[in-house]
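Data file: input.cif. Format and content: mmCIF, C-alpha atoms and all ligand atoms.
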data_run
#
loop_
_atom_site.group_PDB
_atom_site.id
_atom_site.type_symbol
_atom_site.label_atom_id
_atom_site.label_comp_id
_atom_site.auth_asym_id
_atom_site.auth_seq_id
_atom_site.Cartn_x
_atom_site.Cartn_y
_atom_site.Cartn_z
ATOM 1 C CA MET A 1306 51.236 -107.861 -76.140
ATOM 2 C CA GLY A 1307 47.746 -106.612 -76.841
ATOM 3 C CA LYS A 1308 45.923 -105.100 -73.917
ATOM 4 C CA VAL A 1309 48.515 -106.072 -71.365
ATOM 5 C CA ASP A 1310 50.002 -102.904 -69.924
ATOM 6 C CA PHE A 1311 52.683 -104.397 -67.791
ATOM 7 C CA TYR A 1312 54.122 -107.831 -67.736
ATOM 8 C CA SER A 1313 57.040 -109.595 -66.218
ATOM 9 C CA ASN A 1314 58.107 -113.160 -65.944
ATOM 10 C CA LYS A 1315 60.974 -114.569 -64.043
ATOM 11 C CA THR A 1316 62.329 -118.057 -63.853
ATOM 12 C CA VAL A 1317 63.152 -118.800 -60.255
ATOM 13 C CA THR A 1318 64.077 -121.800 -58.149
ATOM 14 C CA ALA A 1319 61.418 -122.871 -55.676
ATOM 15 C CA ARG A 1320 62.418 -122.611 -52.028
ATOM 16 C CA ARG A 1321 59.254 -124.308 -50.914
ATOM 17 C CA GLN A 1322 56.550 -126.306 -52.600
ATOM 18 C CA HIS A 1323 54.209 -124.527 -54.994
ATOM 19 C CA GLU A 1324 51.458 -125.576 -57.290
ATOM 20 C CA CYS A 1325 51.318 -124.772 -60.966
ATOM 21 C CA GLU A 1326 48.280 -122.561 -61.473
ATOM 22 C CA GLU A 1327 47.400 -123.754 -64.931
ATOM 23 C CA ALA A 1328 44.180 -125.727 -64.501
ATOM 24 C CA GLY A 1329 45.099 -128.063 -67.322
ATOM 25 C CA CYS A 1330 48.510 -128.877 -65.912
ATOM 26 C CA VAL A 1331 48.715 -132.601 -65.426
ATOM 27 C CA ARG A 1332 52.269 -133.698 -65.629
ATOM 28 C CA THR A 1333 54.041 -131.362 -63.244
ATOM 29 C CA LYS A 1334 51.370 -129.731 -61.083
ATOM 30 C CA VAL A 1335 53.442 -129.713 -57.914
ATOM 31 C CA ILE A 1336 56.577 -127.632 -58.067
ATOM 32 C CA ARG A 1337 58.994 -129.043 -55.537
ATOM 33 C CA PRO A 1338 61.720 -127.192 -53.671
ATOM 34 C CA GLY A 1339 64.789 -126.951 -55.872
ATOM 35 C CA GLN A 1340 62.813 -127.082 -59.114
ATOM 36 C CA GLN A 1341 62.572 -124.112 -61.396
ATOM 37 C CA TYR A 1342 59.273 -122.449 -62.092
ATOM 38 C CA VAL A 1343 58.083 -119.218 -63.656
ATOM 39 C CA ARG A 1344 56.677 -116.361 -61.651
ATOM 40 C CA LEU A 1345 54.436 -114.104 -63.690
ATOM 41 C CA ALA A 1346 53.148 -110.694 -62.740
ATOM 42 C CA GLY A 1347 51.384 -108.058 -64.699
ATOM 43 C CA VAL A 1348 48.450 -105.759 -65.236
ATOM 44 C CA SER A 1349 45.798 -106.759 -67.707
ATOM 45 C CA HIS A 1350 42.656 -104.687 -68.353
ATOM 46 C CA GLY A 1351 43.560 -102.663 -65.280
ATOM 47 C CA ASP A 1352 43.716 -105.650 -62.955
ATOM 48 C CA PHE A 1353 46.865 -106.787 -61.289
ATOM 49 C CA TYR A 1354 47.599 -110.467 -61.436
ATOM 50 C CA ASN A 1355 50.345 -112.816 -60.509
ATOM 51 C CA ALA A 1356 50.721 -116.505 -61.015
ATOM 52 C CA LYS A 1357 53.119 -119.379 -60.776
ATOM 53 C CA LEU A 1358 53.519 -121.805 -63.619
ATOM 54 C CA CYS A 1359 55.699 -124.828 -64.122
ATOM 55 C CA LEU A 1360 58.199 -124.488 -66.962
ATOM 56 C CA ARG A 1361 56.152 -126.648 -69.275
ATOM 57 C CA CYS A 1362 52.950 -124.653 -68.857
ATOM 58 C CA ASP A 1363 54.854 -121.394 -69.225
ATOM 59 C CA ARG A 1364 56.215 -122.622 -72.529
ATOM 60 C CA MET A 1365 52.765 -123.694 -73.707
ATOM 61 C CA HIS A 1366 51.362 -120.316 -72.776
ATOM 62 C CA ARG A 1367 54.028 -118.427 -74.633
ATOM 63 C CA GLN A 1368 53.655 -120.577 -77.724
ATOM 64 C CA ALA A 1369 49.886 -120.185 -77.682
ATOM 65 C CA TRP A 1370 50.201 -116.405 -77.283
ATOM 66 C CA ASN A 1371 52.685 -116.189 -80.134
ATOM 67 C CA PHE A 1372 50.476 -118.316 -82.306
ATOM 68 C CA PHE A 1373 47.284 -116.345 -81.747
ATOM 69 C CA THR A 1374 48.721 -112.843 -81.623
ATOM 70 C CA ASP A 1375 51.439 -113.061 -84.278
ATOM 71 C CA LEU A 1376 50.037 -115.591 -86.693
ATOM 72 C CA CYS A 1377 46.316 -115.019 -86.285
ATOM 73 C CA GLY A 1378 46.410 -111.318 -85.482
ATOM 74 C CA GLU A 1379 44.264 -111.697 -82.367
ATOM 75 C CA ASP A 1380 44.493 -109.158 -79.560
ATOM 76 C CA GLU A 1381 44.855 -111.705 -76.863
ATOM 77 C CA GLY A 1382 45.972 -115.199 -76.090
ATOM 78 C CA PRO A 1383 44.700 -117.604 -73.480
ATOM 79 C CA PRO A 1384 44.185 -116.417 -69.902
ATOM 80 C CA LEU A 1385 46.533 -117.566 -67.193
ATOM 81 C CA GLY A 1386 45.336 -120.747 -65.583
ATOM 82 C CA GLY A 1387 42.761 -121.392 -68.274
ATOM 83 C CA LEU A 1388 44.894 -122.432 -71.186
ATOM 84 C CA LEU A 1389 43.224 -125.723 -72.026
ATOM 85 C CA GLY A 1390 39.658 -124.463 -71.809
ATOM 86 C CA TRP A 1391 40.578 -121.463 -73.916
ATOM 87 C CA LEU A 1392 42.211 -123.591 -76.570
ATOM 88 C CA LYS A 1393 39.205 -125.885 -76.752
ATOM 89 C CA GLU A 1394 36.949 -122.896 -77.375
ATOM 90 C CA ASN A 1395 39.200 -121.195 -79.874
ATOM 91 C CA LEU A 1396 40.405 -124.135 -81.900
ATOM 92 C CA ARG A 1397 37.059 -125.402 -83.027
HETATM 93 ZN ZN ZN B 1 52.050 -126.681 -65.110
#
Go ahead and render the structure in this file as structure tokens.
Amino acid sequence: MGKVDFYSNKTVTARRQHECEEAGCVRTKVIRPGQQYVRLAGVSHGDFYNAKLCLRCDRMHRQAWNFFTDLCGEDEGPPLGGLLGWLKENLR
């Protein structure tokens, strides 16, 4: 996956309430205890990151990454948490 050196994602069940970290997330936003969400961790450009996303945003992210890296041959897809802004800039 491009410049990402290390990456993991895990679907887990929330034990307590979390918030989806995608800024454009409108429908789910709050991840309630008992709901599944995706925990992402990785190193990108030498920086460690981790994030929590609701299942819907995780799916959007993966589809956007596949689209831009596989179909368009780009090095990178949208940044975590900034999916909508990134898409607006890149889909003009
Ligand atoms: Zn979300």
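Interatomic distance, CA of Phe1373 in chain A to CA of Ile1336 in chain A: 27.8 Å.
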Explicit residues for the PyMOL selection byres (((not hetatm)) within 9 of (chain B and resi 1)) (as an MDAnalysis selection string): chainID A and resid 1324:1336 1342 1357:1363 1386
Residues matched by the PyMOL selection byres (((chain A and resi 1389) around 10) and not hetatm) as a count of residues only: 17
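We find CA of Thr1316 in chain A and CA of Phe1372 in chain A to be spaced 21.9 Å apart.
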Could you write out as a PDB file with C-alpha atoms, keeping the file's coordinate frame the residues that the PyMOL selection byres (((chain A and resi 1339) around 7) and not hetatm) matches in the shown file?
ATOM      1  CA  THR A1318      64.077-121.800 -58.149  1.00  0.00           C
ATOM      2  CA  ALA A1319      61.418-122.871 -55.676  1.00  0.00           C
ATOM      3  CA  ARG A1320      62.418-122.611 -52.028  1.00  0.00           C
ATOM      4  CA  ARG A1337      58.994-129.043 -55.537  1.00  0.00           C
ATOM      5  CA  PRO A1338      61.720-127.192 -53.671  1.00  0.00           C
ATOM      6  CA  GLN A1340      62.813-127.082 -59.114  1.00  0.00           C
ATOM      7  CA  GLN A1341      62.572-124.112 -61.396  1.00  0.00           C
TER       8      GLN A1341
END
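Note that the spacing between CA of Trp1370 in chain A and CA of Arg1321 in chain A amounts to 29.0 Å.
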Of the listed residues A:Val1343, A:Ser1349, A:Arg1364, A:Ala1369, that which approaches Tyr1312 in chain A most closely, counting only C-alpha atoms: A:Ser1349
Kindly list the centre and edge lengths in Å, rounded to one decimal, for the axis-aligned box that covers all listed atoms of range 1335-1338 of chain A plus 6 Å on each of its six sides, as JSON.
{"center_x": 57.6, "center_y": -128.5, "center_z": -55.9, "size_x": 20.3, "size_y": 14.5, "size_z": 16.4}
All residues 10 Å or closer to Tyr1354 in chain A, all atoms listed in the file, same chain fewer than 4 positions away omitted, as a PyMOL selection string: chain A and resi 1312+1345-1349+1385
What would range 1306-1396 of chain A look like if you wrote it out as a JSON list (two decimals), in the first residue's frame, with C-alpha atoms included, from the block I just posted?
[["chain", "number", "residue", "atom", "x", "y", "z"],
["A", 1306, "MET", "CA", 0.00, 0.00, 0.00],
["A", 1307, "GLY", "CA", 2.23, 2.78, -1.23],
["A", 1308, "LYS", "CA", 4.32, 4.50, 1.38],
["A", 1309, "VAL", "CA", 2.68, 2.77, 4.30],
["A", 1310, "ASP", "CA", 5.29, 0.64, 6.03],
["A", 1311, "PHE", "CA", 3.12, -1.08, 8.54],
["A", 1312, "TYR", "CA", -0.58, -1.38, 8.76],
["A", 1313, "SER", "CA", -3.10, -3.33, 10.70],
["A", 1314, "ASN", "CA", -6.81, -3.20, 11.07],
["A", 1315, "LYS", "CA", -8.96, -5.16, 13.39],
["A", 1316, "THR", "CA", -12.69, -5.34, 13.73],
["A", 1317, "VAL", "CA", -13.53, -5.31, 17.40],
["A", 1318, "THR", "CA", -16.60, -4.93, 19.57],
["A", 1319, "ALA", "CA", -16.73, -1.71, 21.56],
["A", 1320, "ARG", "CA", -16.67, -2.14, 25.32],
["A", 1321, "ARG", "CA", -17.29, 1.52, 25.88],
["A", 1322, "GLN", "CA", -18.43, 4.40, 23.74],
["A", 1323, "HIS", "CA", -16.10, 5.67, 21.03],
["A", 1324, "GLU", "CA", -16.33, 8.21, 18.30],
["A", 1325, "CYS", "CA", -15.64, 7.51, 14.67],
["A", 1326, "GLU", "CA", -12.63, 9.60, 13.72],
["A", 1327, "GLU", "CA", -13.61, 10.24, 10.14],
["A", 1328, "ALA", "CA", -14.49, 13.94, 10.01],
["A", 1329, "GLY", "CA", -17.09, 13.33, 7.33],
["A", 1330, "CYS", "CA", -18.86, 10.61, 9.26],
["A", 1331, "VAL", "CA", -22.45, 11.63, 9.70],
["A", 1332, "ARG", "CA", -24.58, 8.59, 10.06],
["A", 1333, "THR", "CA", -22.82, 6.60, 12.74],
["A", 1334, "LYS", "CA", -20.38, 8.95, 14.47],
["A", 1335, "VAL", "CA", -20.90, 7.51, 17.93],
["A", 1336, "ILE", "CA", -19.87, 3.91, 18.33],
["A", 1337, "ARG", "CA", -21.87, 2.47, 21.19],
["A", 1338, "PRO", "CA", -20.88, -0.35, 23.51],
["A", 1339, "GLY", "CA", -21.65, -3.66, 21.84],
["A", 1340, "GLN", "CA", -21.28, -2.28, 18.31],
["A", 1341, "GLN", "CA", -18.45, -3.33, 16.08],
["A", 1342, "TYR", "CA", -15.88, -0.85, 14.89],
["A", 1343, "VAL", "CA", -12.50, -0.97, 13.21],
["A", 1344, "ARG", "CA", -9.28, -0.20, 15.02],
["A", 1345, "LEU", "CA", -6.52, 0.89, 12.68],
["A", 1346, "ALA", "CA", -2.85, 1.21, 13.48],
["A", 1347, "GLY", "CA", 0.13, 1.75, 11.31],
["A", 1348, "VAL", "CA", 3.20, 3.72, 10.35],
["A", 1349, "SER", "CA", 2.97, 6.12, 7.46],
["A", 1350, "HIS", "CA", 5.88, 8.33, 6.35],
["A", 1351, "GLY", "CA", 7.63, 7.36, 9.57],
["A", 1352, "ASP", "CA", 4.81, 8.49, 11.83],
["A", 1353, "PHE", "CA", 2.83, 6.15, 13.96],
["A", 1354, "TYR", "CA", -0.91, 6.56, 13.87],
["A", 1355, "ASN", "CA", -3.95, 4.85, 15.18],
["A", 1356, "ALA", "CA", -7.59, 5.54, 14.68],
["A", 1357, "LYS", "CA", -11.05, 4.20, 15.25],
["A", 1358, "LEU", "CA", -13.57, 4.11, 12.46],
["A", 1359, "CYS", "CA", -17.13, 2.91, 12.26],
["A", 1360, "LEU", "CA", -17.66, 0.00, 9.87],
["A", 1361, "ARG", "CA", -19.16, 2.21, 7.22],
["A", 1362, "CYS", "CA", -16.28, 4.68, 7.15],
["A", 1363, "ASP", "CA", -13.76, 1.84, 7.16],
["A", 1364, "ARG", "CA", -15.45, 0.41, 4.09],
["A", 1365, "MET", "CA", -15.46, 3.78, 2.35],
["A", 1366, "HIS", "CA", -11.79, 4.22, 3.11],
["A", 1367, "ARG", "CA", -10.86, 0.84, 1.74],
["A", 1368, "GLN", "CA", -12.89, 1.36, -1.41],
["A", 1369, "ALA", "CA", -11.37, 4.78, -1.97],
["A", 1370, "TRP", "CA", -7.86, 3.40, -1.45],
["A", 1371, "ASN", "CA", -8.50, 0.54, -3.86],
["A", 1372, "PHE", "CA", -9.92, 2.92, -6.40],
["A", 1373, "PHE", "CA", -7.05, 5.40, -6.33],
["A", 1374, "THR", "CA", -4.15, 3.00, -5.91],
["A", 1375, "ASP", "CA", -5.27, 0.10, -8.09],
["A", 1376, "LEU", "CA", -7.33, 1.80, -10.75],
["A", 1377, "CYS", "CA", -5.64, 5.18, -10.94],
["A", 1378, "GLY", "CA", -2.12, 4.09, -10.06],
["A", 1379, "GLU", "CA", -1.73, 6.72, -7.34],
["A", 1380, "ASP", "CA", 0.71, 6.18, -4.49],
["A", 1381, "GLU", "CA", -1.74, 7.05, -1.82],
["A", 1382, "GLY", "CA", -5.38, 7.19, -0.94],
["A", 1383, "PRO", "CA", -7.20, 9.53, 1.38],
["A", 1384, "PRO", "CA", -5.80, 10.23, 4.85],
["A", 1385, "LEU", "CA", -7.53, 8.81, 7.88],
["A", 1386, "GLY", "CA", -10.14, 11.16, 9.22],
["A", 1387, "GLY", "CA", -10.06, 13.34, 6.14],
["A", 1388, "LEU", "CA", -11.79, 11.19, 3.59],
["A", 1389, "LEU", "CA", -14.44, 13.63, 2.43],
["A", 1390, "GLY", "CA", -12.15, 16.63, 2.09],
["A", 1391, "TRP", "CA", -9.64, 14.51, 0.21],
["A", 1392, "LEU", "CA", -12.25, 13.20, -2.18],
["A", 1393, "LYS", "CA", -13.52, 16.70, -2.89],
["A", 1394, "GLU", "CA", -10.01, 17.80, -3.81],
["A", 1395, "ASN", "CA", -9.16, 14.77, -5.88],
["A", 1396, "LEU", "CA", -12.39, 14.21, -7.74]]
